[in-house]
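Undergrad: Pasting work14.cif below, which is mmCIF, C-alpha atoms.
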```
data_structure
#
loop_
_atom_site.label_atom_id
_atom_site.label_comp_id
_atom_site.auth_asym_id
_atom_site.auth_seq_id
_atom_site.Cartn_x
_atom_site.Cartn_y
_atom_site.Cartn_z
CA MET A 89 37.76 50.13 81.97
CA LEU A 90 36.12 53.31 80.76
CA ILE A 91 32.91 54.38 82.44
CA SER A 92 30.73 56.69 80.35
CA ALA A 93 28.87 59.46 82.08
CA GLN A 94 25.13 58.98 82.37
CA LYS A 95 23.27 61.08 79.85
CA GLU A 96 21.38 63.95 81.40
CA ILE A 97 17.66 63.58 80.75
CA ALA A 98 15.86 66.75 79.68
CA MET A 99 12.80 67.95 81.53
CA ILE A 100 9.53 68.34 79.58
CA SER A 101 7.25 71.35 80.03
CA ILE A 102 3.71 70.84 78.68
CA ILE A 103 1.84 74.06 77.98
CA ILE A 104 -1.95 73.96 77.83
CA PRO A 105 -3.94 77.15 77.15
CA THR A 106 -7.49 77.09 78.53
CA TYR A 107 -10.73 79.01 78.40
CA ASN A 108 -13.85 77.39 79.87
CA GLU A 109 -12.31 73.91 79.96
CA LYS A 110 -13.12 72.97 83.56
CA ASP A 111 -14.72 69.61 82.71
CA ASN A 112 -11.75 68.55 80.57
CA ILE A 113 -8.91 69.37 82.95
CA GLU A 114 -9.03 66.39 85.30
CA PRO A 115 -9.33 63.68 82.60
CA LEU A 116 -6.64 65.46 80.57
CA LEU A 117 -4.15 65.56 83.46
CA LYS A 118 -4.86 61.93 84.26
CA LYS A 119 -4.18 60.83 80.65
CA ILE A 120 -1.01 62.94 80.46
CA SER A 121 0.28 61.41 83.68
CA GLU A 122 -0.43 57.89 82.42
CA ALA A 123 1.34 58.60 79.12
CA LEU A 124 4.43 60.24 80.57
CA SER A 125 4.88 57.48 83.13
CA ARG A 126 6.35 55.56 80.16
CA ILE A 127 9.06 58.19 79.68
CA ASP A 128 12.20 58.31 81.80
CA SER A 129 12.05 62.06 82.25
CA SER A 130 10.75 64.64 84.69
CA TRP A 131 7.89 66.81 83.51
CA GLU A 132 5.61 69.69 84.44
CA ILE A 133 2.28 70.98 83.17
CA ILE A 134 1.65 74.69 82.80
CA ILE A 135 -1.97 75.73 82.37
CA VAL A 136 -2.41 79.27 81.08
CA ASP A 137 -6.02 80.31 81.63
CA ASP A 138 -7.66 83.43 80.24
CA ASN A 139 -9.69 84.03 83.41
CA SER A 140 -12.36 81.46 82.49
CA PRO A 141 -15.75 82.21 84.10
CA ASP A 142 -16.41 78.47 84.55
CA GLY A 143 -13.61 78.14 87.13
CA SER A 144 -11.04 76.32 84.99
CA SER A 145 -8.13 77.87 86.86
CA MET A 146 -9.54 76.88 90.26
CA GLU A 147 -9.99 73.32 89.04
CA ALA A 148 -6.37 73.24 87.85
CA ARG A 149 -5.13 74.53 91.20
CA ARG A 150 -7.19 71.95 93.06
CA LEU A 151 -5.53 69.21 91.03
CA SER A 152 -2.03 70.56 91.67
CA HIS A 153 -1.95 68.40 94.82
CA SER A 154 -2.12 65.28 92.63
CA TYR A 155 -0.20 66.35 89.51
CA PRO A 156 2.84 68.56 88.80
CA VAL A 157 0.71 71.37 87.43
CA SER A 158 1.06 75.13 87.84
CA THR A 159 -1.53 77.68 86.77
CA VAL A 160 -1.15 81.13 85.26
CA VAL A 161 -4.27 83.30 85.04
CA ARG A 162 -4.35 86.15 82.52
CA GLU A 163 -7.06 88.57 83.54
CA ASN A 164 -6.90 91.14 80.77
CA LYS A 165 -5.77 89.13 77.75
CA ARG A 166 -7.36 86.68 75.34
CA GLY A 167 -5.95 84.44 72.64
CA LEU A 168 -4.53 80.96 72.39
CA ALA A 169 -1.23 81.89 70.75
CA THR A 170 -0.36 84.63 73.25
CA ALA A 171 -1.33 82.29 76.09
CA VAL A 172 1.15 79.73 74.74
CA ILE A 173 3.87 82.38 74.57
CA ARG A 174 3.13 83.20 78.22
CA GLY A 175 3.63 79.52 78.96
CA PHE A 176 7.01 79.61 77.21
CA GLU A 177 8.10 82.23 79.72
CA GLU A 178 7.13 80.00 82.64
CA ALA A 179 8.56 76.75 81.29
CA LYS A 180 11.47 75.23 83.21
CA GLY A 181 12.09 72.31 80.85
CA GLU A 182 14.58 72.07 78.02
CA ILE A 183 11.82 70.45 75.94
CA ILE A 184 8.45 72.14 75.45
CA ALA A 185 5.20 70.54 74.32
CA VAL A 186 2.02 72.40 73.37
CA MET A 187 -1.43 70.85 73.22
CA ASP A 188 -5.10 71.76 73.53
CA ALA A 189 -7.15 71.17 76.65
CA ASP A 190 -10.21 69.70 74.93
CA LEU A 191 -8.74 66.17 74.49
CA SER A 192 -8.70 66.55 70.71
CA HIS A 193 -4.95 65.90 70.99
CA PRO A 194 -4.73 62.41 72.55
CA PRO A 195 -2.11 62.62 75.33
CA GLU A 196 -0.76 59.15 74.56
CA TYR A 197 0.91 60.64 71.47
CA LEU A 198 3.19 62.68 73.72
CA VAL A 199 5.37 59.57 73.95
CA ASP A 200 5.66 59.35 70.16
CA LEU A 201 6.56 63.02 69.89
CA TYR A 202 9.19 62.71 72.62
CA ASN A 203 10.75 59.59 71.12
CA ALA A 204 10.97 61.20 67.69
CA LEU A 205 12.56 64.31 69.15
CA GLU A 206 15.19 62.43 71.13
CA ARG A 207 15.96 59.40 68.98
CA ASN A 208 16.08 61.25 65.67
CA LYS A 209 17.79 64.34 67.10
CA THR A 210 15.17 66.61 65.55
CA ASP A 211 14.57 70.24 66.50
CA MET A 212 10.80 70.08 66.39
CA VAL A 213 8.18 67.34 66.14
CA ILE A 214 4.61 67.97 65.01
CA GLY A 215 1.58 65.82 65.72
CA SER A 216 0.34 65.61 62.14
CA ARG A 217 -3.11 64.71 60.86
CA PHE A 218 -2.01 64.68 57.24
CA VAL A 219 0.88 62.22 56.98
CA ARG A 220 0.49 58.48 56.54
CA GLY A 221 -1.09 57.01 59.66
CA GLY A 222 -2.67 60.31 60.74
CA GLY A 223 -6.24 61.46 60.36
CA THR A 224 -9.28 63.20 61.79
CA GLU A 225 -12.47 61.85 63.30
CA ASN A 226 -15.97 63.07 62.43
CA TRP A 227 -14.99 66.20 60.53
CA SER A 228 -17.60 67.85 58.35
CA ARG A 229 -16.81 68.50 54.68
CA ARG A 230 -16.80 72.24 55.34
CA ARG A 231 -14.22 71.89 58.10
CA SER A 232 -12.06 69.63 55.94
CA VAL A 233 -12.13 72.12 53.07
CA MET A 234 -11.29 75.04 55.35
CA SER A 235 -8.39 73.09 56.86
CA TRP A 236 -7.06 72.19 53.41
CA LEU A 237 -7.25 75.83 52.29
CA ALA A 238 -5.49 77.04 55.45
CA ARG A 239 -2.66 74.56 54.91
CA MET A 240 -2.27 75.26 51.21
CA ILE A 241 -1.76 79.00 51.62
CA SER A 242 0.95 78.32 54.20
CA ARG A 243 2.96 75.94 51.99
CA GLY A 244 5.01 78.79 50.60
CA LEU A 245 6.23 79.49 54.14
CA CYS A 246 7.30 75.95 55.00
CA PRO A 247 6.93 72.46 53.49
CA VAL A 248 5.29 70.92 56.57
CA ARG A 249 2.04 69.16 55.70
CA ASP A 250 0.24 70.00 58.96
CA SER A 251 1.48 73.52 59.62
CA THR A 252 -1.80 74.37 61.36
CA SER A 253 -1.34 71.69 64.03
CA GLY A 254 -1.74 72.78 67.63
CA PHE A 255 0.05 69.70 68.99
CA PHE A 256 3.84 69.83 68.83
CA MET A 257 7.08 69.49 70.78
CA PHE A 258 10.38 71.31 70.38
CA ARG A 259 13.64 72.21 72.06
CA LYS A 260 13.38 75.39 74.07
CA LYS A 261 16.63 76.75 72.66
CA LEU A 262 14.86 77.28 69.32
CA ILE A 263 12.99 80.31 70.62
CA GLN A 264 15.91 82.03 72.31
CA GLY A 265 16.14 85.53 70.88
CA VAL A 266 13.13 84.99 68.61
CA LYS A 267 10.41 87.63 68.67
CA LEU A 268 7.05 85.90 68.31
CA SER A 269 3.98 87.97 67.45
CA PRO A 270 1.26 85.62 66.18
CA LEU A 271 -2.34 86.52 65.45
CA GLY A 272 -5.07 84.07 66.37
CA TYR A 273 -4.12 80.56 67.38
CA LYS A 274 -1.49 79.14 64.98
CA ILE A 275 1.64 79.48 67.07
CA CYS A 276 3.13 76.35 65.45
CA LEU A 277 3.33 78.07 62.06
CA GLU A 278 4.97 81.11 63.64
CA LEU A 279 7.64 78.88 65.18
CA LEU A 280 8.26 77.01 61.92
CA VAL A 281 8.87 80.28 60.09
CA LYS A 282 10.75 82.35 62.67
CA SER A 283 12.66 79.85 64.81
CA SER A 284 15.99 78.19 64.04
CA ALA A 285 14.35 74.79 63.48
CA MET A 286 16.11 73.09 60.58
CA LYS A 287 15.12 69.47 61.17
CA VAL A 288 11.38 69.04 61.64
CA GLN A 289 9.53 65.73 61.74
CA GLU A 290 5.81 65.03 61.48
CA VAL A 291 4.47 62.17 63.61
CA PRO A 292 1.02 60.81 62.70
CA ILE A 293 -1.84 61.38 65.13
CA ILE A 294 -5.60 60.87 65.03
CA PHE A 295 -7.29 64.16 65.83
CA ARG A 296 -10.49 63.81 67.84
CA ASP A 297 -13.28 66.32 68.25
CA ARG A 298 -13.76 67.67 71.74
CA SER A 299 -15.95 65.69 74.07
CA GLN A 300 -16.76 68.55 76.46
CA GLY A 301 -17.37 72.28 75.98
CA ALA A 302 -17.74 74.36 72.82
CA SER A 303 -15.31 74.98 69.97
CA LYS A 304 -13.49 78.34 69.97
CA LEU A 305 -13.28 78.48 66.16
CA GLY A 306 -15.25 81.24 64.47
CA TRP A 307 -15.08 83.84 61.72
CA LYS A 308 -12.91 86.14 63.82
CA VAL A 309 -10.36 83.35 64.32
CA THR A 310 -10.42 82.60 60.58
CA ILE A 311 -9.84 86.24 59.65
CA ASN A 312 -6.97 86.48 62.12
CA TYR A 313 -5.39 83.39 60.55
CA PHE A 314 -5.37 84.97 57.10
CA ARG A 315 -3.97 88.19 58.58
CA HIS A 316 -1.29 86.12 60.31
CA ILE A 317 -0.37 84.39 57.04
CA ALA A 318 -0.06 87.75 55.27
CA ARG A 319 2.19 89.06 58.04
CA LEU A 320 4.44 85.99 57.86
CA TYR A 321 4.80 86.28 54.10
CA TRP A 322 5.67 89.95 54.51
CA TRP A 323 8.19 89.11 57.24
CA ILE A 324 9.94 86.34 55.38
CA ILE A 325 10.13 88.26 52.08
CA PHE A 326 11.22 91.64 53.44
CA ARG A 327 12.61 91.15 56.95
CA TYR A 328 14.15 87.67 57.03
CA LYS A 329 17.74 88.01 58.24
CA SER A 330 18.69 84.52 59.35
CA GLY A 331 21.37 82.42 57.69
CA LYS A 332 18.92 79.59 57.03
CA ASP A 333 17.60 78.71 53.64
CA VAL A 334 13.99 79.53 52.80
CA SER A 335 11.46 77.82 50.59
CA SER A 336 11.72 78.07 46.81
CA THR A 337 8.38 79.92 46.78
CA ILE A 338 9.79 82.72 48.90
CA THR A 339 13.04 82.77 46.92
CA PHE A 340 11.13 83.14 43.69
CA ALA A 341 8.95 85.87 45.21
CA ARG A 342 12.08 87.86 46.07
CA PHE A 343 13.61 87.11 42.69
CA SER A 344 10.42 88.33 41.01
CA ILE A 345 10.52 91.61 42.93
CA VAL A 346 14.15 92.09 41.88
CA GLY A 347 13.18 91.08 38.35
CA MET A 348 10.48 93.75 38.25
CA SER A 349 13.03 96.38 39.22
CA GLY A 350 15.32 94.97 36.54
CA ILE A 351 12.60 95.31 33.93
CA ILE A 352 12.18 98.98 34.82
CA VAL A 353 15.94 99.56 34.61
CA ASN A 354 16.30 97.49 31.45
CA TYR A 355 13.39 98.92 29.51
CA GLY A 356 14.02 102.46 30.75
CA ILE A 357 17.62 102.44 29.52
CA PHE A 358 16.56 100.71 26.29
CA CYS A 359 14.08 103.50 25.52
CA PHE A 360 16.45 106.26 26.66
CA LEU A 361 19.30 105.12 24.40
CA ARG A 362 17.03 104.88 21.40
CA MET A 363 15.23 108.18 21.97
CA ALA A 364 18.12 110.30 23.26
CA PHE A 365 20.92 109.02 21.03
CA GLY A 366 19.07 107.36 18.16
CA MET A 367 20.88 104.12 18.89
CA PRO A 368 19.85 101.02 16.90
CA HIS A 369 17.50 98.84 18.90
CA ILE A 370 19.83 95.81 18.92
CA LEU A 371 22.78 97.78 20.35
CA ALA A 372 20.54 99.64 22.81
CA ALA A 373 19.26 96.27 24.03
CA LEU A 374 22.79 94.98 24.62
CA LEU A 375 23.73 97.96 26.83
CA ALA A 376 20.42 97.91 28.69
CA ILE A 377 20.78 94.19 29.38
CA GLU A 378 24.29 94.59 30.84
CA ILE A 379 23.30 97.41 33.20
CA SER A 380 20.23 95.52 34.41
CA ILE A 381 22.39 92.41 34.95
CA LEU A 382 24.64 94.33 37.34
CA THR A 383 21.81 95.94 39.31
CA ASN A 384 19.94 92.63 39.57
CA PHE A 385 23.06 90.81 40.75
CA ILE A 386 23.55 93.24 43.61
CA LEU A 387 19.96 92.83 44.80
CA ASN A 388 19.88 89.06 44.34
CA ASN A 389 23.23 88.47 46.03
CA PHE A 390 22.49 90.57 49.11
CA TRP A 391 18.75 89.85 49.42
CA THR A 392 17.20 87.04 47.35
CA TRP A 393 19.90 84.43 48.02
CA ARG A 394 21.59 86.09 50.99
CA PHE A 395 21.21 82.89 53.06
CA ARG A 396 23.59 81.15 50.61
CA ASN A 397 26.08 83.99 50.59
CA LEU A 398 29.72 83.12 49.92
CA GLN A 399 32.28 84.81 52.09
CA GLY A 400 35.15 86.97 50.85
CA HIS A 401 35.93 88.85 47.65
CA LEU A 402 36.86 85.72 45.71
CA GLY A 403 33.43 84.18 46.30
CA LEU A 404 31.76 87.42 45.23
CA LEU A 405 33.86 87.58 42.05
CA LYS A 406 32.97 83.99 41.17
CA ARG A 407 29.32 84.80 41.58
CA ILE A 408 29.53 87.89 39.40
CA LEU A 409 31.14 85.85 36.63
CA ALA A 410 28.66 82.98 37.02
CA TYR A 411 25.75 85.43 37.15
CA HIS A 412 26.92 87.05 33.93
CA LEU A 413 27.16 83.69 32.23
CA VAL A 414 23.67 82.73 33.37
CA ALA A 415 22.33 86.16 32.51
CA GLY A 416 23.97 85.88 29.12
CA ILE A 417 22.25 82.57 28.44
CA ALA A 418 18.94 83.98 29.68
CA ALA A 419 19.31 87.36 27.97
CA PHE A 420 20.63 86.27 24.60
CA GLY A 421 18.72 83.00 24.50
CA GLY A 422 15.54 84.47 25.96
CA ASN A 423 15.48 88.26 25.96
CA TRP A 424 17.59 89.29 22.96
CA GLY A 425 16.86 86.06 21.06
CA THR A 426 13.10 86.57 21.39
CA LEU A 427 13.44 90.19 20.29
CA PHE A 428 15.42 89.18 17.20
CA VAL A 429 13.12 86.32 16.21
CA LEU A 430 9.83 88.14 16.78
CA ALA A 431 10.81 91.65 15.64
CA ASP A 432 13.38 91.03 12.91
CA ILE A 433 12.14 87.75 11.49
CA PHE A 434 8.39 87.84 12.07
CA GLY A 435 8.00 91.63 12.03
CA MET A 436 6.20 91.99 15.35
CA ASN A 437 6.16 95.25 17.32
CA ILE A 438 9.62 95.94 18.78
CA ASP A 439 8.39 96.92 22.25
CA GLN A 440 6.05 93.93 22.59
CA SER A 441 8.75 91.55 21.38
CA TYR A 442 11.22 92.98 23.87
CA VAL A 443 8.89 92.67 26.87
CA LEU A 444 8.05 89.04 25.94
CA GLY A 445 11.76 88.33 25.74
CA ILE A 446 12.27 89.77 29.22
CA GLY A 447 9.69 87.34 30.66
CA ILE A 448 11.23 84.29 29.00
CA GLY A 449 14.70 85.36 30.08
CA MET A 450 13.51 85.82 33.67
CA LEU A 451 12.39 82.18 33.97
CA ILE A 452 15.65 80.88 32.53
CA ASN A 453 17.55 83.25 34.81
CA PHE A 454 15.89 82.05 38.01
CA PHE A 455 16.28 78.35 37.27
CA LEU A 456 19.99 78.52 36.44
CA ASN A 457 20.89 80.91 39.28
CA ASP A 458 19.05 78.87 41.90
CA ARG A 459 20.69 75.63 40.72
CA TRP A 460 24.18 76.97 40.02
CA THR A 461 25.20 80.58 40.79
CA PHE A 462 23.62 80.67 44.25
CA ALA A 463 23.59 76.93 44.91
CA ARG A 464 24.13 75.70 48.47
CA ASN A 465 27.78 75.53 49.48
CA PHE A 466 27.13 72.40 51.54
CA TRP A 467 24.39 69.86 51.86
CA GLU A 468 21.83 70.99 54.40
CA GLU A 469 18.78 69.14 55.50
CA GLU A 470 15.33 70.23 54.45
CA ARG A 471 13.32 72.18 56.98
CA ALA A 472 10.87 69.32 57.20
CA THR A 473 11.15 65.58 56.87
CA ARG A 474 8.14 63.54 55.98
#
```
Reformat the file's structure so that it appears as structure tokens.

TA:
Amino acid sequence: MLISAQKEIAMISIIIPTYNEKDNIEPLLKKISEALSRIDSSWEIIIVDDNSPDGSSMEARRLSHSYPVSTVVRENKRGLATAVIRGFEEAKGEIIAVMDADLSHPPEYLVDLYNALERNKTDMVIGSRFVRGGGTENWSRRRSVMSWLARMISRGLCPVRDSTSGFFMFRKKLIQGVKLSPLGYKICLELLVKSSAMKVQEVPIIFRDRSQGASKLGWKVTINYFRHIARLYWWIIFRYKSGKDVSSTITFARFSIVGMSGIIVNYGIFCFLRMAFGMPHILAALLAIEISILTNFILNNFWTWRFRNLQGHLGLLKRILAYHLVAGIAAFGGNWGTLFVLADIFGMNIDQSYVLGIGIGMLINFFLNDRWTFARNFWEEERATR
């Protein structure tokens, strides 16, 4: 008879950043303990306090005799996201959870997050207010609008519905070798963009307003969020080096940048051939199109779609041929075709007709290249499941 080895159960590290949360600490620890008693796993709580003047850290240390809680006090630093990162450094568990101290994240949902992470073999689970079954309690219209706006501008970075959530759980291995540098308090979004998380699940929660203390949200926090978003867009467009796929929004942004360079090359050569050699505009367009096709392929292959890169010379040759075919359809059906129809048939200005043709060809070019030339070589799961 075969006897299977007992599965090793991962330890959970719960990171809670605090500032002036003394009154919330004891009820929070009690609720966490009650919730995690339903999980067959060891766990620890790490409170990272920014030297709260109300004695939050002393309260946490007092309760360490009753709960598995350790306290880190940061005397010269402020900020929720950096406090969470400090907690990452202290965490002993293979699974890490992050939540607020103000009881707005009901601790009983920790069980749901853990079950989703383990049963569905996901990399990261987010307590989501904006999937079916989730919601918020007693939010003002202004706060709802601001939350919607914050989530919408992040959708180009990842398809998660509640990317601004502060309640999530993930496997610690995701952050190995990842340099995190968030602004403000949205560490979850930073992890979604920069970590190796490929399978992400959103679990519905009901978000509750704090019962004790004052909210930390303000204009400074809001400004830092928009700065953080801008930095993440910059990072993922210009510095992203991972082998993972990225969202279609980011891919199109890169493609557009390459396309702008192609327009300069294309139109510059088109004008040069006509002015320097007196070449007929149709022939000049053909040569300009071919040169811009080659320069755009190089940039798109090694930057725009680098995460879908084929290996070896044969793969590269296939892509060059496919890219030419797509470019031919886009150029002659869009670029050259528009020039011919508008300039030669309808008598419009040659330069205006040519630029319009470039725009139409660019849209055709992106669609066909994304679906065919640089298509995925294997089926890979989306970065978020809903």

Undergrad: Looking at A:Leu271, A:Leu280, A:Ala364, A:Val291, which one is nearest to Gly221 of chain A, with distances taken over only C-alpha atoms?

TA: A:Val291

Undergrad: Between atom CA of Gly366 of chain A and atom CA of Ile417 of chain A, what distance in Å does the model show, to one decimal?

TA: 27.0 Å

Undergrad: Go through A:Leu374, A:Val346, A:Ile133, A:Leu279 and flag the residue nearest Phe390 of chain A, using only C-alpha atoms for the distances.

TA: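 Closest to Phe390 of chain A, using only C-alpha atoms: A:Val346.
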
Undergrad: For the structure shown, which residues end up in the PyMOL selection byres ((chain A and resi 351-360) around 6)? Put them as a list in words, please?

TA: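 This file gives the following for the PyMOL selection byres ((chain A and resi 351-360) around 6): Met348, Ser349, Gly350, Leu361, Arg362, Met363, Ala364, Ala372, Ala373, Ala376, Ile377 and Ser380 of chain A.
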
Undergrad: I'd like the residues picked by the PyMOL selection byres ((chain A and resi 186) around 8) written out as number ranges by chain, using the chain letters and numbers from the file.

TA: A: 102-104, 172, 184-185, 187-188, 254-257

Undergrad: Store the residues picked out above in a file with C-alpha atoms, as a short mmCIF file (atom, residue, chain, number, x, y, z; two decimals), in the coordinates of the input.

TA:
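What follows is the written file again.cif:
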```
data_model
loop_
_atom_site.label_atom_id
_atom_site.label_comp_id
_atom_site.auth_asym_id
_atom_site.auth_seq_id
_atom_site.Cartn_x
_atom_site.Cartn_y
_atom_site.Cartn_z
CA ILE A 102 3.71 70.84 78.68
CA ILE A 103 1.84 74.06 77.98
CA ILE A 104 -1.95 73.96 77.83
CA VAL A 172 1.15 79.73 74.74
CA ILE A 184 8.45 72.14 75.45
CA ALA A 185 5.20 70.54 74.32
CA MET A 187 -1.43 70.85 73.22
CA ASP A 188 -5.10 71.76 73.53
CA GLY A 254 -1.74 72.78 67.63
CA PHE A 255 0.05 69.70 68.99
CA PHE A 256 3.84 69.83 68.83
CA MET A 257 7.08 69.49 70.78
#
```

Undergrad: What residues come out when you apply the PyMOL selection byres ((chain A and resi 196) around 9) to this file, written as a PDB file with C-alpha atoms, keeping the file's coordinate frame?

TA:
```
ATOM      1  CA  LYS A 119      -4.180  60.830  80.650  1.00  0.00           C
ATOM      2  CA  ILE A 120      -1.010  62.940  80.460  1.00  0.00           C
ATOM      3  CA  GLU A 122      -0.430  57.890  82.420  1.00  0.00           C
ATOM      4  CA  ALA A 123       1.340  58.600  79.120  1.00  0.00           C
ATOM      5  CA  LEU A 124       4.430  60.240  80.570  1.00  0.00           C
ATOM      6  CA  HIS A 193      -4.950  65.900  70.990  1.00  0.00           C
ATOM      7  CA  PRO A 194      -4.730  62.410  72.550  1.00  0.00           C
ATOM      8  CA  PRO A 195      -2.110  62.620  75.330  1.00  0.00           C
ATOM      9  CA  TYR A 197       0.910  60.640  71.470  1.00  0.00           C
ATOM     10  CA  LEU A 198       3.190  62.680  73.720  1.00  0.00           C
ATOM     11  CA  VAL A 199       5.370  59.570  73.950  1.00  0.00           C
ATOM     12  CA  ASP A 200       5.660  59.350  70.160  1.00  0.00           C
TER      13      ASP A 200
END
```

Undergrad: Report as an NGL selection string all protein, DNA and RNA residues lying within 8 Å of Ser269 of chain A, evaluated on only C-alpha atoms, omitting residues in the same chain fewer than 2 positions from it.

TA: :A and (170 or 267 or 271 or 278)

Undergrad: Give me the residues within 6 Å of segment 137-142 of chain A as number ranges by chain, counting all atoms listed in the file and dropping any in the same chain fewer than 3 places off.

TA: A: 105-108, 161-163, 166

Undergrad: Could you work out how far atom CA of Leu245 of chain A lies from atom CA of Ile446 of chain A, giving the answer in Å with one decimal?

TA: 27.6 Å

Undergrad: Write out as a ChimeraX atom specification the residues lying within 12 Å of Glu177 of chain A, counting all atoms listed in the file and excluding same-chain residues fewer than 6 positions away.

TA: /A:101,103,134,136,160,170-171,184,260,263-264

Undergrad: Would you kindly return, as a VMD selection string, each protein, DNA or RNA residue with an atom no farther than 8 Å from any atom of Ser253 of chain A, considering all atoms listed in the file and excluding same-chain residues fewer than 3 positions away?

TA: chain A and resid 214 to 217 250 256 274 276

Undergrad: Figure out the distance between atom CA of Lys287 of chain A and atom CA of Phe340 of chain A, please, to one decimal in Å.

TA: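 A separation of 22.5 Å between them.
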
Undergrad: Which residue out of A:Ser125, A:Ser152, A:Ser235, A:Asn389 has the minimum interatomic distance to Thr252 of chain A when only C-alpha atoms are used?

TA: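 Closest to Thr252 of chain A of all the choices is A:Ser235.
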
Undergrad: Choose the residue, out of A:Gly435, A:Gly223, A:Pro368, A:Gly347, that has the smallest atom-to-atom separation from Ala415 of chain A; count only C-alpha atoms.

TA: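 Residue with the minimum atom-to-atom distance to Ala415 of chain A: A:Gly347.
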
Undergrad: Between A:Val281, A:Ile127, A:Ile241, A:Val248, which has the minimum distance to Leu268 of chain A (counting only C-alpha atoms)?

TA: A:Val281

Undergrad: Which one is closest to Thr210 of chain A: A:Thr426, A:Asn437, A:Thr383, A:Gln289? Count only C-alpha atoms.

TA: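 Once distances to Thr210 of chain A are computed over only C-alpha atoms, the minimum belongs to A:Gln289.
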
Undergrad: Compile the contact shell of Phe454 of chain A as a tab-separated table (two decimals) with C-alpha atoms, in the coordinates of the input: residues with an atom at most 10 Å away, counting only C-alpha atoms, same-chain residues fewer than 5 positions apart removed.

TA:
```tsv
chain	number	residue	atom	x	y	z
A	339	THR	CA	13.04	82.77	46.92
A	340	PHE	CA	11.13	83.14	43.69
A	343	PHE	CA	13.61	87.11	42.69
A	344	SER	CA	10.42	88.33	41.01
A	347	GLY	CA	13.18	91.08	38.35
A	414	VAL	CA	23.67	82.73	33.37
A	415	ALA	CA	22.33	86.16	32.51
A	418	ALA	CA	18.94	83.98	29.68
A	449	GLY	CA	14.70	85.36	30.08
A	459	ARG	CA	20.69	75.63	40.72
A	460	TRP	CA	24.18	76.97	40.02
A	461	THR	CA	25.20	80.58	40.79
```
